[in-house]
>>> print(open('protein-v8.pdb').read())   # PDB, C-alpha atoms
MODEL        1
ATOM      1  CA  MET K   1     -21.206   1.292  -0.203  1.00  0.00           C
ATOM      2  CA  VAL K   2     -17.811   0.099  -1.434  1.00  0.00           C
ATOM      3  CA  LEU K   3     -16.481   3.649  -1.244  1.00  0.00           C
ATOM      4  CA  VAL K   4     -17.703   4.001   2.330  1.00  0.00           C
ATOM      5  CA  GLN K   5     -16.159   0.682   3.375  1.00  0.00           C
ATOM      6  CA  ASN K   6     -12.792   1.549   1.868  1.00  0.00           C
ATOM      7  CA  ALA K   7     -12.918   5.060   3.327  1.00  0.00           C
ATOM      8  CA  VAL K   8     -13.261   3.588   6.814  1.00  0.00           C
ATOM      9  CA  LEU K   9     -10.238   1.343   6.252  1.00  0.00           C
ATOM     10  CA  ALA K  10      -8.236   4.201   4.737  1.00  0.00           C
ATOM     11  CA  GLY K  11      -8.387   6.082   8.034  1.00  0.00           C
ATOM     12  CA  GLY K  12      -6.672   3.218   9.837  1.00  0.00           C
ATOM     13  CA  VAL K  13      -4.049   2.945   7.108  1.00  0.00           C
ATOM     14  CA  ALA K  14      -3.213   6.648   7.274  1.00  0.00           C
ATOM     15  CA  VAL K  15      -2.957   6.905  11.049  1.00  0.00           C
ATOM     16  CA  GLY K  16      -0.697   3.846  11.258  1.00  0.00           C
ATOM     17  CA  ALA K  17       2.456   5.863  10.485  1.00  0.00           C
ATOM     18  CA  SER K  18       1.884   8.098  13.504  1.00  0.00           C
ATOM     19  CA  ALA K  19       0.044   5.685  15.780  1.00  0.00           C
ATOM     20  CA  ASN K  20       2.677   5.912  18.528  1.00  0.00           C
ATOM     21  CA  PHE K  21       3.109   9.696  18.196  1.00  0.00           C
ATOM     22  CA  MET K  22       1.401  12.225  20.447  1.00  0.00           C
ATOM     23  CA  ILE K  23      -1.045  13.439  17.815  1.00  0.00           C
ATOM     24  CA  GLN K  24      -3.989  13.705  20.243  1.00  0.00           C
ATOM     25  CA  PRO K  25      -7.491  12.371  19.486  1.00  0.00           C
ATOM     26  CA  TRP K  26      -8.377  15.362  17.321  1.00  0.00           C
ATOM     27  CA  GLY K  27      -5.267  14.750  15.241  1.00  0.00           C
ATOM     28  CA  ALA K  28      -6.167  11.109  14.687  1.00  0.00           C
ATOM     29  CA  GLN K  29      -9.698  12.089  13.691  1.00  0.00           C
ATOM     30  CA  ALA K  30      -8.398  14.735  11.292  1.00  0.00           C
ATOM     31  CA  ILE K  31      -5.990  12.291   9.652  1.00  0.00           C
ATOM     32  CA  GLY K  32      -8.714   9.673   9.316  1.00  0.00           C
ATOM     33  CA  ALA K  33     -11.213  12.142   7.854  1.00  0.00           C
ATOM     34  CA  VAL K  34      -8.771  13.471   5.267  1.00  0.00           C
ATOM     35  CA  ALA K  35      -7.673   9.934   4.395  1.00  0.00           C
ATOM     36  CA  SER K  36     -11.266   8.882   3.754  1.00  0.00           C
ATOM     37  CA  LEU K  37     -11.745  11.809   1.369  1.00  0.00           C
ATOM     38  CA  VAL K  38      -8.459  11.062  -0.383  1.00  0.00           C
ATOM     39  CA  SER K  39      -9.452   7.412  -0.780  1.00  0.00           C
ATOM     40  CA  VAL K  40     -12.827   8.267  -2.315  1.00  0.00           C
ATOM     41  CA  PHE K  41     -11.163  10.811  -4.617  1.00  0.00           C
ATOM     42  CA  GLY K  42      -8.750   8.103  -5.707  1.00  0.00           C
ATOM     43  CA  TYR K  43     -11.536   5.682  -6.581  1.00  0.00           C
ATOM     44  CA  VAL K  44     -13.681   8.275  -8.348  1.00  0.00           C
ATOM     45  CA  SER K  45     -11.065  10.342 -10.198  1.00  0.00           C
ATOM     46  CA  VAL K  46      -7.514   9.002  -9.982  1.00  0.00           C
ATOM     47  CA  GLN K  47      -8.182   5.353 -10.799  1.00  0.00           C
ATOM     48  CA  PRO K  48     -10.134   6.048 -14.035  1.00  0.00           C
ATOM     49  CA  TYR K  49      -7.389   8.444 -15.144  1.00  0.00           C
ATOM     50  CA  LEU K  50      -4.624   5.913 -14.495  1.00  0.00           C
ATOM     51  CA  GLN K  51      -6.593   3.229 -16.319  1.00  0.00           C
ATOM     52  CA  THR K  52      -7.336   5.284 -19.420  1.00  0.00           C
ATOM     53  CA  SER K  53      -4.065   7.227 -19.639  1.00  0.00           C
ATOM     54  CA  LEU K  54      -1.430   4.808 -18.354  1.00  0.00           C
ATOM     55  CA  LYS K  55      -3.339   1.511 -18.706  1.00  0.00           C
ATOM     56  CA  LEU K  56      -2.813   0.730 -15.014  1.00  0.00           C
ATOM     57  CA  HIS K  57      -5.410  -1.792 -13.887  1.00  0.00           C
ATOM     58  CA  ASP K  58      -5.831  -1.557 -10.121  1.00  0.00           C
ATOM     59  CA  THR K  59      -8.392  -4.345  -9.831  1.00  0.00           C
ATOM     60  CA  CYS K  60      -8.316  -4.385  -6.010  1.00  0.00           C
ATOM     61  CA  GLY K  61      -8.059  -0.647  -5.389  1.00  0.00           C
ATOM     62  CA  VAL K  62      -4.730  -0.998  -3.605  1.00  0.00           C
ATOM     63  CA  HIS K  63      -3.578   2.426  -4.759  1.00  0.00           C
ATOM     64  CA  ASN K  64      -6.658   4.110  -3.299  1.00  0.00           C
ATOM     65  CA  LEU K  65      -6.878   2.165  -0.049  1.00  0.00           C
ATOM     66  CA  HIS K  66      -3.200   1.751   0.829  1.00  0.00           C
ATOM     67  CA  GLY K  67      -1.158   3.943  -1.520  1.00  0.00           C
ATOM     68  CA  LEU K  68      -2.702   7.394  -1.235  1.00  0.00           C
ATOM     69  CA  PRO K  69      -3.705   7.095   2.461  1.00  0.00           C
ATOM     70  CA  GLY K  70      -0.270   5.653   3.225  1.00  0.00           C
ATOM     71  CA  VAL K  71       1.479   8.665   1.693  1.00  0.00           C
ATOM     72  CA  LEU K  72      -0.877  10.962   3.588  1.00  0.00           C
ATOM     73  CA  GLY K  73      -0.095   9.129   6.832  1.00  0.00           C
ATOM     74  CA  ALA K  74       3.639   9.434   6.221  1.00  0.00           C
ATOM     75  CA  ILE K  75       3.286  13.183   5.636  1.00  0.00           C
ATOM     76  CA  ALA K  76       1.232  13.512   8.820  1.00  0.00           C
ATOM     77  CA  GLY K  77       3.923  11.619  10.712  1.00  0.00           C
ATOM     78  CA  ILE K  78       6.581  13.951   9.355  1.00  0.00           C
ATOM     79  CA  ALA K  79       4.574  16.987  10.447  1.00  0.00           C
ATOM     80  CA  ALA K  80       3.987  15.498  13.895  1.00  0.00           C
ATOM     81  CA  THR K  81       7.704  14.824  14.267  1.00  0.00           C
ATOM     82  CA  ALA K  82       8.817  18.271  13.144  1.00  0.00           C
ATOM     83  CA  THR K  83       6.600  19.968  15.728  1.00  0.00           C
ATOM     84  CA  ILE K  84       7.304  17.852  18.821  1.00  0.00           C
ATOM     85  CA  SER K  85       8.721  19.168  22.057  1.00  0.00           C
ATOM     86  CA  PRO K  86      10.400  17.159  24.850  1.00  0.00           C
ATOM     87  CA  GLY K  87       7.665  18.183  27.250  1.00  0.00           C
ATOM     88  CA  THR K  88       5.022  16.526  25.086  1.00  0.00           C
ATOM     89  CA  TYR K  89       6.525  13.042  25.417  1.00  0.00           C
ATOM     90  CA  GLY K  90       8.199  13.323  28.775  1.00  0.00           C
ATOM     91  CA  SER K  91      10.441  10.365  29.573  1.00  0.00           C
ATOM     92  CA  SER K  92       9.189   8.396  26.540  1.00  0.00           C
ATOM     93  CA  LEU K  93      10.597  10.762  23.904  1.00  0.00           C
ATOM     94  CA  TYR K  94      13.733   8.748  23.228  1.00  0.00           C
ATOM     95  CA  GLN K  95      11.810   5.486  23.218  1.00  0.00           C
ATOM     96  CA  VAL K  96       9.644   6.761  20.386  1.00  0.00           C
ATOM     97  CA  TYR K  97      12.547   8.515  18.637  1.00  0.00           C
ATOM     98  CA  PRO K  98      15.738   6.623  19.606  1.00  0.00           C
ATOM     99  CA  ALA K  99      17.943   8.632  17.218  1.00  0.00           C
ATOM    100  CA  MET K 100      17.062  11.860  19.019  1.00  0.00           C
ATOM    101  CA  ALA K 101      18.677  10.642  22.249  1.00  0.00           C
ATOM    102  CA  PRO K 102      22.008  12.176  23.304  1.00  0.00           C
ATOM    103  CA  SER K 103      25.009  10.452  21.757  1.00  0.00           C
ATOM    104  CA  ASN K 104      27.020  10.740  24.988  1.00  0.00           C
ATOM    105  CA  ALA K 105      26.260   7.645  27.056  1.00  0.00           C
ATOM    106  CA  SER K 106      27.361   9.439  30.241  1.00  0.00           C
ATOM    107  CA  SER K 107      25.187  12.495  29.709  1.00  0.00           C
ATOM    108  CA  ALA K 108      23.223  13.811  32.662  1.00  0.00           C
ATOM    109  CA  GLU K 109      19.940  13.450  30.745  1.00  0.00           C
ATOM    110  CA  LEU K 110      20.420   9.739  30.089  1.00  0.00           C
ATOM    111  CA  ALA K 111      21.579   9.225  33.666  1.00  0.00           C
ATOM    112  CA  ALA K 112      18.423  10.914  34.971  1.00  0.00           C
ATOM    113  CA  LEU K 113      16.255   8.712  32.764  1.00  0.00           C
ATOM    114  CA  LYS K 114      17.989   5.574  33.999  1.00  0.00           C
ATOM    115  CA  GLU K 115      17.337   6.650  37.579  1.00  0.00           C
ATOM    116  CA  MET K 116      13.671   6.842  36.650  1.00  0.00           C
ATOM    117  CA  GLY K 117      13.817   3.280  35.358  1.00  0.00           C
ATOM    118  CA  VAL K 118      13.690   4.287  31.682  1.00  0.00           C
ATOM    119  CA  SER K 119      16.142   2.316  29.570  1.00  0.00           C
ATOM    120  CA  VAL K 120      17.476   4.485  26.745  1.00  0.00           C
ATOM    121  CA  GLU K 121      20.464   3.803  24.526  1.00  0.00           C
ATOM    122  CA  PRO K 122      22.674   6.626  23.225  1.00  0.00           C
ATOM    123  CA  GLY K 123      21.355   8.096  19.983  1.00  0.00           C
ATOM    124  CA  ASP K 124      22.535  10.494  17.298  1.00  0.00           C
ATOM    125  CA  ASP K 125      21.620  13.860  18.855  1.00  0.00           C
ATOM    126  CA  ARG K 126      19.035  14.513  16.145  1.00  0.00           C
ATOM    127  CA  SER K 127      16.746  17.490  16.475  1.00  0.00           C
ATOM    128  CA  SER K 128      13.046  17.169  15.695  1.00  0.00           C
ATOM    129  CA  LYS K 129      13.579  18.853  12.327  1.00  0.00           C
ATOM    130  CA  GLU K 130      16.410  16.477  11.439  1.00  0.00           C
ATOM    131  CA  GLN K 131      14.320  13.474  12.431  1.00  0.00           C
ATOM    132  CA  ALA K 132      11.485  14.766  10.240  1.00  0.00           C
ATOM    133  CA  LEU K 133      13.883  15.035   7.288  1.00  0.00           C
ATOM    134  CA  PHE K 134      14.959  11.431   7.813  1.00  0.00           C
ATOM    135  CA  GLN K 135      11.329  10.356   7.726  1.00  0.00           C
ATOM    136  CA  LEU K 136      10.815  12.387   4.552  1.00  0.00           C
ATOM    137  CA  ALA K 137      13.791  10.583   3.008  1.00  0.00           C
ATOM    138  CA  ALA K 138      12.236   7.273   4.045  1.00  0.00           C
ATOM    139  CA  LEU K 139       8.991   8.228   2.284  1.00  0.00           C
ATOM    140  CA  ALA K 140      10.881   9.187  -0.882  1.00  0.00           C
ATOM    141  CA  THR K 141      12.836   5.929  -0.772  1.00  0.00           C
ATOM    142  CA  THR K 142       9.646   3.909  -0.338  1.00  0.00           C
ATOM    143  CA  LEU K 143       7.977   5.621  -3.288  1.00  0.00           C
ATOM    144  CA  ALA K 144      11.058   5.113  -5.457  1.00  0.00           C
ATOM    145  CA  ILE K 145      11.193   1.396  -4.657  1.00  0.00           C
ATOM    146  CA  ALA K 146       7.457   1.023  -5.306  1.00  0.00           C
ATOM    147  CA  ILE K 147       7.501   2.902  -8.614  1.00  0.00           C
ATOM    148  CA  VAL K 148      10.663   1.310  -9.987  1.00  0.00           C
ATOM    149  CA  GLY K 149       9.579  -2.121  -8.780  1.00  0.00           C
ATOM    150  CA  GLY K 150       6.181  -1.710 -10.409  1.00  0.00           C
ATOM    151  CA  ILE K 151       7.702  -0.624 -13.714  1.00  0.00           C
ATOM    152  CA  LEU K 152      10.129  -3.554 -13.744  1.00  0.00           C
ATOM    153  CA  THR K 153       7.327  -5.973 -12.875  1.00  0.00           C
ATOM    154  CA  GLY K 154       5.230  -4.631 -15.748  1.00  0.00           C
ATOM    155  CA  ILE K 155       8.139  -5.007 -18.166  1.00  0.00           C
ATOM    156  CA  VAL K 156       8.739  -8.604 -17.100  1.00  0.00           C
ATOM    157  CA  LEU K 157       5.065  -9.552 -17.298  1.00  0.00           C
ATOM    158  CA  LYS K 158       4.858  -8.234 -20.861  1.00  0.00           C
ATOM    159  CA  LEU K 159       7.533 -10.613 -22.090  1.00  0.00           C
ATOM    160  CA  ASP K 160       6.113 -12.919 -24.755  1.00  0.00           C
ATOM    161  CA  PHE K 161       7.087 -16.189 -23.121  1.00  0.00           C
ATOM    162  CA  LEU K 162       5.099 -15.277 -20.006  1.00  0.00           C
ATOM    163  CA  ASP K 163       1.851 -15.090 -22.001  1.00  0.00           C
ATOM    164  CA  PRO K 164       1.207 -11.382 -21.380  1.00  0.00           C
ATOM    165  CA  PRO K 165      -2.293  -9.902 -20.972  1.00  0.00           C
ATOM    166  CA  LEU K 166      -4.275  -9.122 -24.069  1.00  0.00           C
ATOM    167  CA  ASP K 167      -4.294  -5.608 -25.471  1.00  0.00           C
ATOM    168  CA  SER K 168      -8.053  -5.225 -25.411  1.00  0.00           C
ATOM    169  CA  GLU K 169      -9.354  -3.976 -22.073  1.00  0.00           C
ATOM    170  CA  GLU K 170     -12.597  -5.904 -22.476  1.00  0.00           C
ATOM    171  CA  GLU K 171     -10.771  -9.162 -23.120  1.00  0.00           C
ATOM    172  CA  LEU K 172      -8.868  -8.929 -19.846  1.00  0.00           C
ATOM    173  CA  PHE K 173     -12.007  -9.974 -17.982  1.00  0.00           C
ATOM    174  CA  GLU K 174     -13.489 -12.333 -20.563  1.00  0.00           C
ATOM    175  CA  ASP K 175     -13.535 -15.888 -19.212  1.00  0.00           C
ATOM    176  CA  LYS K 176     -14.513 -17.585 -22.471  1.00  0.00           C
ATOM    177  CA  LEU K 177     -11.074 -16.813 -23.918  1.00  0.00           C
ATOM    178  CA  HIS K 178      -9.466 -19.127 -21.396  1.00  0.00           C
ATOM    179  CA  TRP K 179     -12.174 -21.480 -20.138  1.00  0.00           C
ATOM    180  CA  ALA K 180     -14.708 -23.875 -21.592  1.00  0.00           C
ATOM    181  CA  VAL K 181     -17.783 -23.329 -19.468  1.00  0.00           C
ATOM    182  CA  ASN K 182     -20.212 -26.177 -19.040  1.00  0.00           C
ATOM    183  CA  PRO K 183     -23.643 -24.925 -20.088  1.00  0.00           C
ATOM    184  CA  GLY K 184     -25.311 -27.481 -17.838  1.00  0.00           C
ATOM    185  CA  ALA K 185     -26.685 -27.171 -14.353  1.00  0.00           C
ATOM    186  CA  PRO K 186     -25.055 -24.779 -11.846  1.00  0.00           C
ATOM    187  CA  GLY K 187     -22.250 -26.341  -9.899  1.00  0.00           C
ATOM    188  CA  ASP K 188     -20.853 -28.416 -12.743  1.00  0.00           C
ATOM    189  CA  PHE K 189     -17.080 -28.286 -13.118  1.00  0.00           C
ATOM    190  CA  PRO K 190     -16.383 -25.417 -15.548  1.00  0.00           C
ATOM    191  CA  GLY K 191     -13.553 -27.095 -17.378  1.00  0.00           C
ATOM    192  CA  GLU K 192      -9.838 -26.795 -17.726  1.00  0.00           C
ATOM    193  CA  LEU K 193      -7.831 -23.753 -18.570  1.00  0.00           C
ATOM    194  CA  LEU K 194      -7.570 -23.567 -22.332  1.00  0.00           C
ATOM    195  CA  ASN K 195      -4.533 -22.712 -24.339  1.00  0.00           C
ATOM    196  CA  ARG K 196      -5.000 -19.181 -25.629  1.00  0.00           C
ATOM    197  CA  GLU K 197      -3.210 -19.908 -28.878  1.00  0.00           C
ATOM    198  CA  GLY K 198      -5.529 -22.792 -29.630  1.00  0.00           C
ATOM    199  CA  ASP K 199      -2.653 -25.103 -30.548  1.00  0.00           C
ATOM    200  CA  ALA K 200      -3.212 -27.577 -27.757  1.00  0.00           C
ATOM    201  CA  GLU K 201      -6.113 -29.966 -27.803  1.00  0.00           C
ATOM    202  CA  MET K 202      -9.058 -28.777 -25.753  1.00  0.00           C
ATOM    203  CA  GLU K 203      -9.787 -31.011 -22.804  1.00  0.00           C
ATOM    204  CA  VAL K 204     -12.845 -30.470 -20.677  1.00  0.00           C
ATOM    205  CA  ARG K 205     -13.630 -32.487 -17.576  1.00  0.00           C
ATOM    206  CA  GLN K 206     -17.160 -32.743 -16.408  1.00  0.00           C
ATOM    207  CA  ARG K 207     -18.652 -34.422 -13.418  1.00  0.00           C
ATOM    208  CA  SER K 208     -20.464 -37.556 -14.306  1.00  0.00           C
ATOM    209  CA  ALA K 209     -24.189 -37.358 -13.821  1.00  0.00           C
ATOM    210  CA  THR K 210     -25.505 -39.425 -10.990  1.00  0.00           C
TER     211      THR K 210
ENDMDL
END
>>> encode(input="protein-v8.pdb", output="structure tokens")
Amino acid sequence: MVLVQNAVLAGGVAVGASANFMIQPWGAQAIGAVASLVSVFGYVSVQPYLQTSLKLHDTCGVHNLHGLPGVLGAIAGIAATATISPGTYGSSLYQVYPAMAPSNASSAELAALKEMGVSVEPGDDRSSKEQALFQLAALATTLAIAIVGGILTGIVLKLDFLDPPLDSEEELFEDKLHWAVNPGAPGDFPGELLNREGDAEMEVRQRSAT
């Protein structure tokens, strides 16, 4: 059931990059369907591989719900941009892609749009292929920032003075290493966070019985 729930959300994540593009209903359905499959594949195959090979613990499945579908959505947006034609968007083309507008503010095309009540600022004269390349560069930049930022974060978190995670995978989710759990009735206060090194005196607060 968890896979199904995340697959549904993955479709919305993937189509977000091209939500204001003229991808047609069938295009949105295709993107959502592929994204759901990619998300399930990530949970079933990619996540176990990353955990065993690279020791990457994705406890919330962010990579499978937002990462992979997000990259798919960006690629779909690039494809949609590279194949557009002015007739598809009509007078809204330069509102969706401002950089594709003519750079000459006095051009006849911009003047005609203003007569129609469409406010468009001069752009950079980009073609659809050039705009697609800019979006591809944006995807590459985003991935670079995410990867480098993740590596740097991992390096910082492994510094000794920050009390890094334990080496044993099982111990990462073992509460008794950090908490003194009251064996009494359910609902009792579980205790204070314990010092892992065991140097500090253990202090456990419990609710007084009434």
>>> atom_distance(input="protein-v8.pdb", atom1="atom CA of Gly149 of chain K", atom2="atom CA of Ser36 of chain K")
26.7 Å
>>> residues_around(input="protein-v8.pdb", residues="segment 141-144 of chain K", least_positions_apart="4", cutoff="12 Å", atoms="all atoms listed in the file", output="number ranges by chain")
K: 67-68, 70-71, 74, 134-137, 148-151
>>> resolve_selection(input="protein-v8.pdb", expression="the PyMOL selection byres ((chain K and resi 47) around 12)", output="JSON, numbers by chain")
{"K": [38, 39, 40, 41, 42, 43, 44, 45, 46, 48, 49, 50, 51, 52, 53, 54, 55, 56, 57, 58, 59, 60, 61, 62, 63, 64, 65, 67, 68]}
>>> closest_residue(input="protein-v8.pdb", among="K:Gly11, K:Gly154, K:Ser91, K:Ala180", to="Ala112 of chain K", atoms="all atoms listed in the file")
K:Ser91
>>> residues_around(input="protein-v8.pdb", residues="Gly32 of chain K", least_positions_apart="4", cutoff="12 Å", atoms="only C-alpha atoms", output="PyMOL selection string")
chain K and resi 6-19+25-28+36-39+69-70+72-73+76
>>> write_last_selection(input="protein-v8.pdb", atoms="C-alpha atoms", output="compact mmCIF listing (two decimals), in the frame of the given file")
# COMPACT_ATOMS: atom_id res chain seq x y z
CA ASN K 6 -12.79 1.55 1.87
CA ALA K 7 -12.92 5.06 3.33
CA VAL K 8 -13.26 3.59 6.81
CA LEU K 9 -10.24 1.34 6.25
CA ALA K 10 -8.24 4.20 4.74
CA GLY K 11 -8.39 6.08 8.03
CA GLY K 12 -6.67 3.22 9.84
CA VAL K 13 -4.05 2.94 7.11
CA ALA K 14 -3.21 6.65 7.27
CA VAL K 15 -2.96 6.90 11.05
CA GLY K 16 -0.70 3.85 11.26
CA ALA K 17 2.46 5.86 10.48
CA SER K 18 1.88 8.10 13.50
CA ALA K 19 0.04 5.68 15.78
CA PRO K 25 -7.49 12.37 19.49
CA TRP K 26 -8.38 15.36 17.32
CA GLY K 27 -5.27 14.75 15.24
CA ALA K 28 -6.17 11.11 14.69
CA SER K 36 -11.27 8.88 3.75
CA LEU K 37 -11.74 11.81 1.37
CA VAL K 38 -8.46 11.06 -0.38
CA SER K 39 -9.45 7.41 -0.78
CA PRO K 69 -3.70 7.10 2.46
CA GLY K 70 -0.27 5.65 3.22
CA LEU K 72 -0.88 10.96 3.59
CA GLY K 73 -0.10 9.13 6.83
CA ALA K 76 1.23 13.51 8.82
>>> atom_distance(input="protein-v8.pdb", atom1="atom CA of Tyr97 of chain K", atom2="atom CA of Glu109 of chain K")
15.0 Å
>>> residues_around(input="protein-v8.pdb", residues="Ser119 of chain K", least_positions_apart="5", cutoff="12 Å", atoms="all atoms listed in the file", output="PDB file with C-alpha atoms, in the coordinates of the input")
ATOM      1  CA  SER K  91      10.441  10.365  29.573  1.00  0.00           C
ATOM      2  CA  SER K  92       9.189   8.396  26.540  1.00  0.00           C
ATOM      3  CA  LEU K  93      10.597  10.762  23.904  1.00  0.00           C
ATOM      4  CA  TYR K  94      13.733   8.748  23.228  1.00  0.00           C
ATOM      5  CA  GLN K  95      11.810   5.486  23.218  1.00  0.00           C
ATOM      6  CA  PRO K  98      15.738   6.623  19.606  1.00  0.00           C
ATOM      7  CA  ALA K 101      18.677  10.642  22.249  1.00  0.00           C
ATOM      8  CA  ALA K 105      26.260   7.645  27.056  1.00  0.00           C
ATOM      9  CA  GLU K 109      19.940  13.450  30.745  1.00  0.00           C
ATOM     10  CA  LEU K 110      20.420   9.739  30.089  1.00  0.00           C
ATOM     11  CA  ALA K 111      21.579   9.225  33.666  1.00  0.00           C
ATOM     12  CA  ALA K 112      18.423  10.914  34.971  1.00  0.00           C
ATOM     13  CA  LEU K 113      16.255   8.712  32.764  1.00  0.00           C
ATOM     14  CA  LYS K 114      17.989   5.574  33.999  1.00  0.00           C
TER      15      LYS K 114
END
>>> atom_distance(input="protein-v8.pdb", atom1="atom CA of Val96 of chain K", atom2="atom CA of Met22 of chain K")
9.9 Å
